[in-house]
file coords.cif (mmCIF, C-alpha atoms and all ligand atoms)
data_model
#
loop_
_atom_site.label_atom_id
_atom_site.label_comp_id
_atom_site.auth_asym_id
_atom_site.auth_seq_id
_atom_site.Cartn_x
_atom_site.Cartn_y
_atom_site.Cartn_z
CA MET K 4 183.00 137.77 233.33
CA ILE K 5 181.42 139.83 230.53
CA THR K 6 177.70 140.57 230.87
CA VAL K 7 175.77 141.44 227.72
CA HIS K 8 172.64 143.49 228.42
CA HIS K 9 170.58 142.04 225.63
CA LEU K 10 167.34 143.58 224.42
CA GLU K 11 165.18 141.13 222.45
CA ASN K 12 165.19 141.57 218.64
CA SER K 13 167.91 144.14 218.65
CA ARG K 14 171.43 145.12 217.70
CA SER K 15 172.77 143.32 220.76
CA GLN K 16 172.31 140.00 218.95
CA ARG K 17 175.46 140.81 217.00
CA ILE K 18 177.46 141.22 220.23
CA LEU K 19 176.40 137.72 221.34
CA TRP K 20 177.41 136.49 217.88
CA LEU K 21 180.83 138.13 218.07
CA LEU K 22 181.48 136.64 221.52
CA GLU K 23 180.52 133.23 220.14
CA GLU K 24 182.90 133.72 217.18
CA LEU K 25 185.68 134.64 219.62
CA GLY K 26 184.86 131.81 222.02
CA VAL K 27 184.86 134.22 224.97
CA PRO K 28 182.66 133.25 227.95
CA TYR K 29 179.87 135.67 228.82
CA GLU K 30 176.52 135.87 230.51
CA ILE K 31 173.34 137.43 229.18
CA LYS K 32 170.90 139.67 231.01
CA HIS K 33 167.67 139.64 229.00
CA TYR K 34 165.39 142.67 228.52
CA LYS K 35 161.99 142.79 226.81
CA ARG K 36 160.70 145.59 224.59
CA ASP K 37 157.52 147.43 225.53
CA PRO K 38 154.82 145.59 223.50
CA LYS K 39 153.18 148.87 222.41
CA THR K 40 156.10 151.19 221.75
CA SER K 41 158.91 148.64 221.12
CA LEU K 42 161.11 150.77 223.39
CA ALA K 43 163.59 149.32 225.89
CA PRO K 44 162.45 148.89 229.52
CA PRO K 45 163.55 151.49 232.12
CA GLU K 46 165.85 148.92 233.84
CA LEU K 47 168.37 149.48 231.04
CA LEU K 48 168.73 153.08 232.26
CA LYS K 49 170.35 151.68 235.40
CA VAL K 50 173.14 150.23 233.27
CA HIS K 51 173.81 153.21 230.97
CA PRO K 52 172.33 156.75 230.86
CA LEU K 53 170.84 156.26 227.36
CA GLY K 54 169.02 153.06 228.32
CA LYS K 55 169.73 151.38 224.96
CA SER K 56 171.10 148.04 223.96
CA PRO K 57 173.71 146.74 223.44
CA VAL K 58 175.63 147.56 226.57
CA ILE K 59 178.22 145.28 228.09
CA THR K 60 179.88 145.28 231.46
CA ASP K 61 183.31 143.75 231.91
CA GLY K 62 184.64 144.08 235.46
CA ASP K 63 184.47 147.78 236.31
CA LEU K 64 183.89 148.80 232.69
CA THR K 65 180.53 149.64 231.15
CA ILE K 66 180.65 149.96 227.37
CA ALA K 67 177.83 151.07 225.08
CA GLU K 68 177.54 151.57 221.31
CA SER K 69 177.89 148.48 219.11
CA GLY K 70 180.94 149.73 217.19
CA ALA K 71 182.80 150.64 220.39
CA ILE K 72 181.89 147.31 221.99
CA ILE K 73 183.10 145.41 218.92
CA GLU K 74 186.38 147.34 218.83
CA TYR K 75 186.88 146.72 222.56
CA LEU K 76 186.19 142.98 222.30
CA ILE K 77 188.46 142.58 219.26
CA GLU K 78 191.27 144.54 220.90
CA ARG K 79 190.97 142.89 224.32
CA TYR K 80 190.00 139.31 223.44
CA GLY K 81 190.49 138.91 219.69
CA LYS K 82 194.13 137.73 219.72
CA GLY K 83 194.51 139.26 216.26
CA THR K 84 191.55 137.41 214.74
CA LEU K 85 188.55 138.85 212.86
CA VAL K 86 190.43 142.04 212.00
CA PRO K 87 192.65 142.63 208.94
CA PRO K 88 196.29 143.64 209.47
CA ARG K 89 196.47 147.28 210.58
CA GLY K 90 197.23 149.65 207.70
CA SER K 91 196.30 147.13 204.99
CA PRO K 92 193.69 148.03 202.30
CA GLU K 93 191.37 145.49 203.98
CA TRP K 94 191.80 147.27 207.30
CA LEU K 95 190.65 150.53 205.71
CA ARG K 96 187.56 148.78 204.33
CA TYR K 97 187.03 147.14 207.75
CA THR K 98 187.07 150.56 209.45
CA TYR K 99 184.79 152.04 206.80
CA TRP K 100 182.08 149.38 207.27
CA LEU K 101 182.43 149.38 211.04
CA HIS K 102 181.43 153.09 210.98
CA PHE K 103 179.09 152.92 207.98
CA ALA K 104 176.73 150.51 209.78
CA GLU K 105 175.58 152.93 212.48
CA GLY K 106 176.75 156.23 210.95
CA THR K 107 175.15 155.96 207.49
CA ALA K 108 172.97 152.88 207.10
CA MET K 109 170.98 152.72 210.34
CA PRO K 110 169.61 156.31 210.54
CA PRO K 111 167.45 156.07 207.36
CA LEU K 112 166.53 152.47 208.24
CA VAL K 113 165.21 153.66 211.62
CA MET K 114 163.46 156.61 209.93
CA LYS K 115 161.80 154.19 207.53
CA LEU K 116 160.47 152.19 210.48
CA VAL K 117 159.17 155.29 212.26
CA PHE K 118 157.57 156.95 209.21
CA THR K 119 155.95 153.71 208.03
CA ARG K 120 154.47 153.34 211.51
CA ILE K 121 153.11 156.89 211.37
CA GLU K 122 151.46 156.11 208.02
CA HIS K 123 149.64 153.14 209.55
CA ALA K 124 149.08 154.44 213.09
CA PRO K 125 145.51 154.64 214.40
CA MET K 126 144.45 158.28 214.75
CA PRO K 127 141.32 160.48 214.53
CA PHE K 128 139.93 160.41 210.97
CA PHE K 129 140.41 164.16 210.43
CA ALA K 130 144.14 163.94 211.25
CA ARG K 131 144.81 160.84 209.14
CA PRO K 132 145.18 162.38 205.65
CA ILE K 133 147.46 165.11 206.98
CA ALA K 134 149.71 162.77 209.03
CA ARG K 135 149.86 160.20 206.22
CA GLY K 136 150.52 162.86 203.60
CA ILE K 137 153.47 164.28 205.54
CA ALA K 138 154.88 160.82 206.39
CA GLN K 139 154.64 159.67 202.76
CA LYS K 140 156.25 162.85 201.48
CA VAL K 141 159.26 162.41 203.79
CA ARG K 142 159.51 158.69 203.04
CA ARG K 143 159.25 159.03 199.25
CA GLY K 144 161.27 162.22 198.92
CA MET K 145 164.08 161.50 201.33
CA ILE K 146 164.17 158.13 203.06
CA ASP K 147 163.49 155.75 200.14
CA PRO K 148 165.95 157.33 197.66
CA ASN K 149 168.62 157.35 200.38
CA LEU K 150 167.99 153.70 201.16
CA GLU K 151 168.07 152.77 197.48
CA ARG K 152 171.58 154.21 197.20
CA ILE K 153 172.70 152.48 200.41
CA VAL K 154 171.38 149.08 199.30
CA LYS K 155 172.96 149.50 195.84
CA HIS K 156 176.30 150.39 197.45
CA MET K 157 176.24 147.36 199.77
CA GLU K 158 175.22 145.10 196.90
CA GLU K 159 178.02 146.36 194.64
CA GLU K 160 180.64 146.01 197.37
CA LEU K 161 179.52 142.48 198.23
CA GLY K 162 179.80 141.73 194.52
CA LYS K 163 183.55 142.44 194.76
CA SER K 164 184.32 140.08 197.65
CA ALA K 165 182.48 137.57 199.82
CA TRP K 166 182.82 139.70 202.96
CA PHE K 167 182.66 143.44 203.56
CA ALA K 168 186.39 143.95 204.20
CA GLY K 169 187.59 141.43 201.60
CA SER K 170 187.91 137.68 201.20
CA GLU K 171 188.10 137.03 204.98
CA PHE K 172 185.22 137.17 207.44
CA THR K 173 185.81 139.97 209.99
CA ALA K 174 184.06 141.77 212.83
CA ALA K 175 182.91 144.35 210.24
CA ASP K 176 180.59 141.65 208.88
CA VAL K 177 179.18 141.21 212.36
CA GLN K 178 178.62 144.96 212.67
CA MET K 179 177.10 145.17 209.15
CA SER K 180 174.78 142.20 209.73
CA PHE K 181 172.16 144.32 211.48
CA PRO K 182 171.76 147.02 208.79
CA VAL K 183 171.79 144.31 206.13
CA GLU K 184 169.04 142.40 207.97
CA ALA K 185 167.10 145.64 208.49
CA ALA K 186 167.51 146.60 204.81
CA ALA K 187 166.27 143.15 203.82
CA ALA K 188 163.19 143.63 206.03
CA ARG K 189 162.48 147.29 205.26
CA ALA K 190 164.16 148.28 202.00
CA GLY K 191 163.87 145.38 199.56
CA ALA K 192 167.51 144.28 199.96
CA ALA K 193 166.59 140.58 200.25
CA ALA K 194 166.02 140.56 196.48
CA MET K 195 169.64 141.56 195.78
CA PRO K 196 171.73 138.45 194.95
CA HIS K 197 174.98 139.42 196.72
CA ILE K 198 173.16 140.65 199.83
CA LYS K 199 171.07 137.48 199.82
CA GLY K 200 174.27 135.42 199.60
CA PHE K 201 175.80 137.37 202.50
CA LEU K 202 172.74 136.69 204.66
CA GLU K 203 172.83 133.00 203.79
CA ARG K 204 176.53 132.79 204.67
CA ILE K 205 176.14 134.51 208.04
CA HIS K 206 173.06 132.48 208.98
CA ALA K 207 175.02 129.28 208.27
CA ARG K 208 177.82 130.12 210.72
CA PRO K 209 177.71 127.90 213.82
CA ALA K 210 178.53 130.88 216.08
CA TYR K 211 175.61 132.85 214.62
CA LYS K 212 173.27 129.95 215.37
CA ARG K 213 174.62 129.58 218.92
CA ALA K 214 174.01 133.30 219.53
CA LEU K 215 170.37 132.90 218.42
CA ASP K 216 169.96 129.84 220.66
CA LYS K 217 171.18 131.79 223.66
CA GLY K 218 169.75 135.25 222.89
CA GLY K 219 166.47 134.32 221.23
CA LYS K 220 165.19 134.77 217.69
CA LEU K 221 166.02 137.93 215.75
CA GLU K 222 162.83 139.31 214.26
CA ILE K 223 163.62 142.67 212.72
CA LEU K 224 160.94 145.25 213.53
CA ARG K 225 158.99 146.43 210.46
N1 LIG D 301 174.06 153.22 217.67
C1 LIG D 301 173.65 152.45 218.82
C2 LIG D 301 172.14 152.28 218.76
C3 LIG D 301 171.55 151.62 219.98
C4 LIG D 301 170.04 151.44 219.83
O1 LIG D 301 169.33 152.32 219.35
N2 LIG D 301 169.57 150.27 220.23
C5 LIG D 301 168.17 149.95 220.11
C6 LIG D 301 168.02 148.46 219.88
S1 LIG D 301 168.29 147.93 218.26
C7 LIG D 301 167.43 150.24 221.39
O2 LIG D 301 167.96 150.08 222.46
N3 LIG D 301 166.15 150.59 221.23
C8 LIG D 301 165.23 150.73 222.32
C9 LIG D 301 165.01 152.15 222.74
O3 LIG D 301 165.49 153.08 222.08
O4 LIG D 301 164.32 152.35 223.75
C10 LIG D 301 174.39 151.12 218.81
O5 LIG D 301 174.75 150.63 217.73
O6 LIG D 301 174.66 150.56 219.87
#

call {"tool": "encode", "arguments": {"input": "coords.cif", "output": "C-alpha cells"}}
result
Amino acid sequence: MITVHHLENSRSQRILWLLEELGVPYEIKHYKRDPKTSLAPPELLKVHPLGKSPVITDGDLTIAESGAIIEYLIERYGKGTLVPPRGSPEWLRYTYWLHFAEGTAMPPLVMKLVFTRIEHAPMPFFARPIARGIAQKVRRGMIDPNLERIVKHMEEELGKSAWFAGSEFTAADVQMSFPVEAAAARAGAAAMPHIKGFLERIHARPAYKRALDKGGKLEILR
C-alpha cells in the first residue's frame, strides 16, 4: 500500500490528485504546518532527511521530490496512461514541463513569498526601512521581472493547446498545477485567460475534487 505523507496546503496535494487520476489505492498520513513559520513539523524528518512534503512510501521504498514521485507512479502504476508516447514531440514537452515546474517556476515563486513576508514582518522601527528597502529592491529588480516572463511563457504555451504537453491531459499538468496555482496567488496569473481556463479545467476534474476531499483544502500561502 502506498502512503502519501501529506503536508496541509502543499505540493503533496498534486500527488493525491495523480493517485486519484490513476485509480491506485493509497493511504494518507496528515501533517500540519507550524502556524507561525508555515514550516513542516519535525515528524516529517523521520520519513526523509529533508523533512519536506511530498514523500511517499511504497513497500520498502521511500521517494521524495514531486517530479520523481510522479515519474515513479506513472512508470509503476500508469499502464501507459497520462504520459505521451516516448520520443514523440508531446513527450518532449511533457518532460520539459515536468522539470520546469520545480526547476524554473517554483524558485522565484517561493522567493516572492519569502520577500513579501519580510516586507510585512513585524520588526523594530529602526530596522524596518532598511529591511523593507532591501526586500523591495530584490523583489522589484529580480523576482517580479522573472515571474512576469514565467507567467507570459505559461500563458503563451497554454494558448497553443489545452494542456501543457498538447491536446491530452498528462501528469505534466498535475506537476504544473502547483506553480500555476502559486502564480495565480502571488504573481497575477489568475488574470491571464489561458491560465484561468487551465485552472478551471483542472478544478472541474472529478479526481482533483476527490483529492481535495481526502487531503483537505488547498490554500496557497501568500
Ligand atoms: N522540490 C520539492 C519541494 C518540496 C517542498 O519544499 N515542499 C514544501 C511544501 S509545498 C515543504 O515541505 N515545506 C515545508 C518546509 O520546508 O518545512 C518537491 O517538489 O517535492

call {"tool": "residues_near_ligand", "arguments": {"input": "coords.cif", "ligand": "ligand LIG 301 (chain D)", "cutoff": "6 Å", "atoms": "only C-alpha atoms and all ligand atoms", "output": "list in words"}}
result
Ser13, Arg14, Leu42, Ala43, Lys55, Ser56, Pro57, Glu68, Ser69 and Glu105 of chain K

call {"tool": "axis_aligned_box", "arguments": {"input": "coords.cif", "around": "segment 200-208 of chain K", "padding_each_side": "6 Å", "output": "JSON"}}
result
{"center_x": 175.3, "center_y": 133.3, "center_z": 205.2, "size_x": 17.1, "size_y": 20.1, "size_z": 23.1}

call {"tool": "closest_residue", "arguments": {"input": "coords.cif", "among": "K:Pro38, K:Ile205, K:Ala71, K:Glu24", "to": "Glu184 of chain K", "atoms": "only C-alpha atoms"}}
result
K:Ile205

call {"tool": "residues_around", "arguments": {"input": "coords.cif", "residues": "Leu116 of chain K", "least_positions_apart": "4", "cutoff": "10 Å", "atoms": "all atoms listed in the file", "output": "ChimeraX atom specification"}}
result
/K:111-112,120-121,142,185,189,224-225

call {"tool": "residues_around", "arguments": {"input": "coords.cif", "residues": "Leu64 of chain K", "least_positions_apart": "5", "cutoff": "12 Å", "atoms": "only C-alpha atoms", "output": "PyMOL selection string"}}
result
chain K and resi 4-6+50-51+58-59+72+75

call {"tool": "closest_residue", "arguments": {"input": "coords.cif", "among": "K:Ala210, K:Glu11, K:Phe118, K:Phe167", "to": "Gly26 of chain K", "atoms": "all atoms listed in the file"}}
result
K:Ala210

call {"tool": "closest_residue", "arguments": {"input": "coords.cif", "among": "K:Ile73, K:Ala188, K:Arg36, K:Ala207", "to": "Leu101 of chain K", "atoms": "all atoms listed in the file"}}
result
K:Ile73

call {"tool": "closest_residue", "arguments": {"input": "coords.cif", "among": "K:Gly162, K:Pro44, K:Pro125, K:Pro110", "to": "Ile146 of chain K", "atoms": "all atoms listed in the file"}}
result
K:Pro110

call {"tool": "atom_distance", "arguments": {"input": "coords.cif", "atom1": "atom CA of Val141 of chain K", "atom2": "atom CA of Pro127 of chain K"}}
result
21.0 Å

call {"tool": "atom_distance", "arguments": {"input": "coords.cif", "atom1": "atom CA of Lys82 of chain K", "atom2": "atom CA of Lys212 of chain K"}}
result
22.7 Å

call {"tool": "build_atoms", "arguments": {"input": "coords.cif", "residues": "segment 29-63 of chain K", "atoms": "N, CA and C atoms", "output": "PDB file, keeping the file's coordinate frame"}}
result
ATOM      1  N   TYR K  29     180.664 134.474 228.456  1.00  0.00           N
ATOM      2  CA  TYR K  29     179.870 135.670 228.820  1.00  0.00           C
ATOM      3  C   TYR K  29     178.544 135.220 229.393  1.00  0.00           C
ATOM      4  N   GLU K  30     177.882 136.160 230.066  1.00  0.00           N
ATOM      5  CA  GLU K  30     176.520 135.870 230.510  1.00  0.00           C
ATOM      6  C   GLU K  30     175.589 136.911 229.907  1.00  0.00           C
ATOM      7  N   ILE K  31     174.323 136.535 229.812  1.00  0.00           N
ATOM      8  CA  ILE K  31     173.340 137.430 229.180  1.00  0.00           C
ATOM      9  C   ILE K  31     172.333 137.891 230.217  1.00  0.00           C
ATOM     10  N   LYS K  32     172.049 139.189 230.234  1.00  0.00           N
ATOM     11  CA  LYS K  32     170.900 139.670 231.010  1.00  0.00           C
ATOM     12  C   LYS K  32     169.852 140.082 229.967  1.00  0.00           C
ATOM     13  N   HIS K  33     168.700 139.433 230.023  1.00  0.00           N
ATOM     14  CA  HIS K  33     167.670 139.640 229.000  1.00  0.00           C
ATOM     15  C   HIS K  33     166.729 140.801 229.362  1.00  0.00           C
ATOM     16  N   TYR K  34     166.358 141.587 228.351  1.00  0.00           N
ATOM     17  CA  TYR K  34     165.390 142.670 228.520  1.00  0.00           C
ATOM     18  C   TYR K  34     164.337 142.563 227.434  1.00  0.00           C
ATOM     19  N   LYS K  35     163.093 142.872 227.787  1.00  0.00           N
ATOM     20  CA  LYS K  35     161.990 142.790 226.810  1.00  0.00           C
ATOM     21  C   LYS K  35     161.576 144.193 226.368  1.00  0.00           C
ATOM     22  N   ARG K  36     161.210 144.316 225.102  1.00  0.00           N
ATOM     23  CA  ARG K  36     160.700 145.590 224.590  1.00  0.00           C
ATOM     24  C   ARG K  36     159.273 145.821 225.086  1.00  0.00           C
ATOM     25  N   ASP K  37     158.901 147.100 225.214  1.00  0.00           N
ATOM     26  CA  ASP K  37     157.520 147.430 225.530  1.00  0.00           C
ATOM     27  C   ASP K  37     156.646 146.952 224.356  1.00  0.00           C
ATOM     28  N   PRO K  38     155.604 146.158 224.621  1.00  0.00           N
ATOM     29  CA  PRO K  38     154.820 145.590 223.500  1.00  0.00           C
ATOM     30  C   PRO K  38     154.162 146.657 222.634  1.00  0.00           C
ATOM     31  N   LYS K  39     153.856 147.831 223.221  1.00  0.00           N
ATOM     32  CA  LYS K  39     153.180 148.870 222.410  1.00  0.00           C
ATOM     33  C   LYS K  39     154.164 149.744 221.661  1.00  0.00           C
ATOM     34  N   THR K  40     155.201 150.190 222.359  1.00  0.00           N
ATOM     35  CA  THR K  40     156.100 151.190 221.750  1.00  0.00           C
ATOM     36  C   THR K  40     157.359 150.566 221.149  1.00  0.00           C
ATOM     37  N   SER K  41     157.656 149.330 221.505  1.00  0.00           N
ATOM     38  CA  SER K  41     158.910 148.640 221.120  1.00  0.00           C
ATOM     39  C   SER K  41     160.148 149.227 221.807  1.00  0.00           C
ATOM     40  N   LEU K  42     159.947 150.173 222.725  1.00  0.00           N
ATOM     41  CA  LEU K  42     161.110 150.770 223.390  1.00  0.00           C
ATOM     42  C   LEU K  42     161.683 149.827 224.448  1.00  0.00           C
ATOM     43  N   ALA K  43     162.923 150.135 224.855  1.00  0.00           N
ATOM     44  CA  ALA K  43     163.590 149.320 225.890  1.00  0.00           C
ATOM     45  C   ALA K  43     162.969 149.622 227.253  1.00  0.00           C
ATOM     46  N   PRO K  44     163.022 148.648 228.185  1.00  0.00           N
ATOM     47  CA  PRO K  44     162.450 148.890 229.520  1.00  0.00           C
ATOM     48  C   PRO K  44     163.348 149.832 230.329  1.00  0.00           C
ATOM     49  N   PRO K  45     162.773 150.515 231.340  1.00  0.00           N
ATOM     50  CA  PRO K  45     163.550 151.490 232.120  1.00  0.00           C
ATOM     51  C   PRO K  45     164.748 150.865 232.862  1.00  0.00           C
ATOM     52  N   GLU K  46     164.712 149.546 233.108  1.00  0.00           N
ATOM     53  CA  GLU K  46     165.850 148.920 233.840  1.00  0.00           C
ATOM     54  C   GLU K  46     167.181 149.141 233.110  1.00  0.00           C
ATOM     55  N   LEU K  47     167.110 149.268 231.786  1.00  0.00           N
ATOM     56  CA  LEU K  47     168.370 149.480 231.040  1.00  0.00           C
ATOM     57  C   LEU K  47     169.011 150.827 231.381  1.00  0.00           C
ATOM     58  N   LEU K  48     168.184 151.773 231.871  1.00  0.00           N
ATOM     59  CA  LEU K  48     168.730 153.080 232.260  1.00  0.00           C
ATOM     60  C   LEU K  48     169.640 152.966 233.479  1.00  0.00           C
ATOM     61  N   LYS K  49     169.477 151.878 234.231  1.00  0.00           N
ATOM     62  CA  LYS K  49     170.350 151.680 235.400  1.00  0.00           C
ATOM     63  C   LYS K  49     171.744 151.240 234.978  1.00  0.00           C
ATOM     64  N   VAL K  50     171.840 150.715 233.746  1.00  0.00           N
ATOM     65  CA  VAL K  50     173.140 150.230 233.270  1.00  0.00           C
ATOM     66  C   VAL K  50     173.905 151.333 232.546  1.00  0.00           C
ATOM     67  N   HIS K  51     173.170 152.145 231.749  1.00  0.00           N
ATOM     68  CA  HIS K  51     173.810 153.210 230.970  1.00  0.00           C
ATOM     69  C   HIS K  51     172.810 154.354 230.823  1.00  0.00           C
ATOM     70  N   PRO K  52     173.272 155.613 230.859  1.00  0.00           N
ATOM     71  CA  PRO K  52     172.330 156.750 230.860  1.00  0.00           C
ATOM     72  C   PRO K  52     171.398 156.817 229.653  1.00  0.00           C
ATOM     73  N   LEU K  53     171.729 156.194 228.523  1.00  0.00           N
ATOM     74  CA  LEU K  53     170.840 156.260 227.360  1.00  0.00           C
ATOM     75  C   LEU K  53     169.801 155.134 227.357  1.00  0.00           C
ATOM     76  N   GLY K  54     170.018 154.129 228.196  1.00  0.00           N
ATOM     77  CA  GLY K  54     169.020 153.060 228.320  1.00  0.00           C
ATOM     78  C   GLY K  54     168.817 152.258 227.049  1.00  0.00           C
ATOM     79  N   LYS K  55     169.863 152.138 226.218  1.00  0.00           N
ATOM     80  CA  LYS K  55     169.730 151.380 224.960  1.00  0.00           C
ATOM     81  C   LYS K  55     170.577 150.122 225.019  1.00  0.00           C
ATOM     82  N   SER K  56     170.349 149.281 224.047  1.00  0.00           N
ATOM     83  CA  SER K  56     171.100 148.040 223.960  1.00  0.00           C
ATOM     84  C   SER K  56     171.752 147.976 222.575  1.00  0.00           C
ATOM     85  N   PRO K  57     172.966 147.475 222.430  1.00  0.00           N
ATOM     86  CA  PRO K  57     173.710 146.740 223.440  1.00  0.00           C
ATOM     87  C   PRO K  57     174.489 147.631 224.413  1.00  0.00           C
ATOM     88  N   VAL K  58     174.663 147.060 225.592  1.00  0.00           N
ATOM     89  CA  VAL K  58     175.630 147.560 226.570  1.00  0.00           C
ATOM     90  C   VAL K  58     176.278 146.320 227.151  1.00  0.00           C
ATOM     91  N   ILE K  59     177.582 146.394 227.382  1.00  0.00           N
ATOM     92  CA  ILE K  59     178.220 145.280 228.090  1.00  0.00           C
ATOM     93  C   ILE K  59     178.897 145.824 229.358  1.00  0.00           C
ATOM     94  N   THR K  60     179.028 144.949 230.329  1.00  0.00           N
ATOM     95  CA  THR K  60     179.880 145.280 231.460  1.00  0.00           C
ATOM     96  C   THR K  60     180.971 144.210 231.512  1.00  0.00           C
ATOM     97  N   ASP K  61     182.171 144.661 231.820  1.00  0.00           N
ATOM     98  CA  ASP K  61     183.310 143.750 231.910  1.00  0.00           C
ATOM     99  C   ASP K  61     184.143 144.239 233.096  1.00  0.00           C
ATOM    100  N   GLY K  62     184.012 143.560 234.241  1.00  0.00           N
ATOM    101  CA  GLY K  62     184.640 144.080 235.460  1.00  0.00           C
ATOM    102  C   GLY K  62     184.051 145.427 235.791  1.00  0.00           C
ATOM    103  N   ASP K  63     184.929 146.422 235.947  1.00  0.00           N
ATOM    104  CA  ASP K  63     184.470 147.780 236.310  1.00  0.00           C
ATOM    105  C   ASP K  63     183.986 148.572 235.096  1.00  0.00           C
TER     106      ASP K  63
END
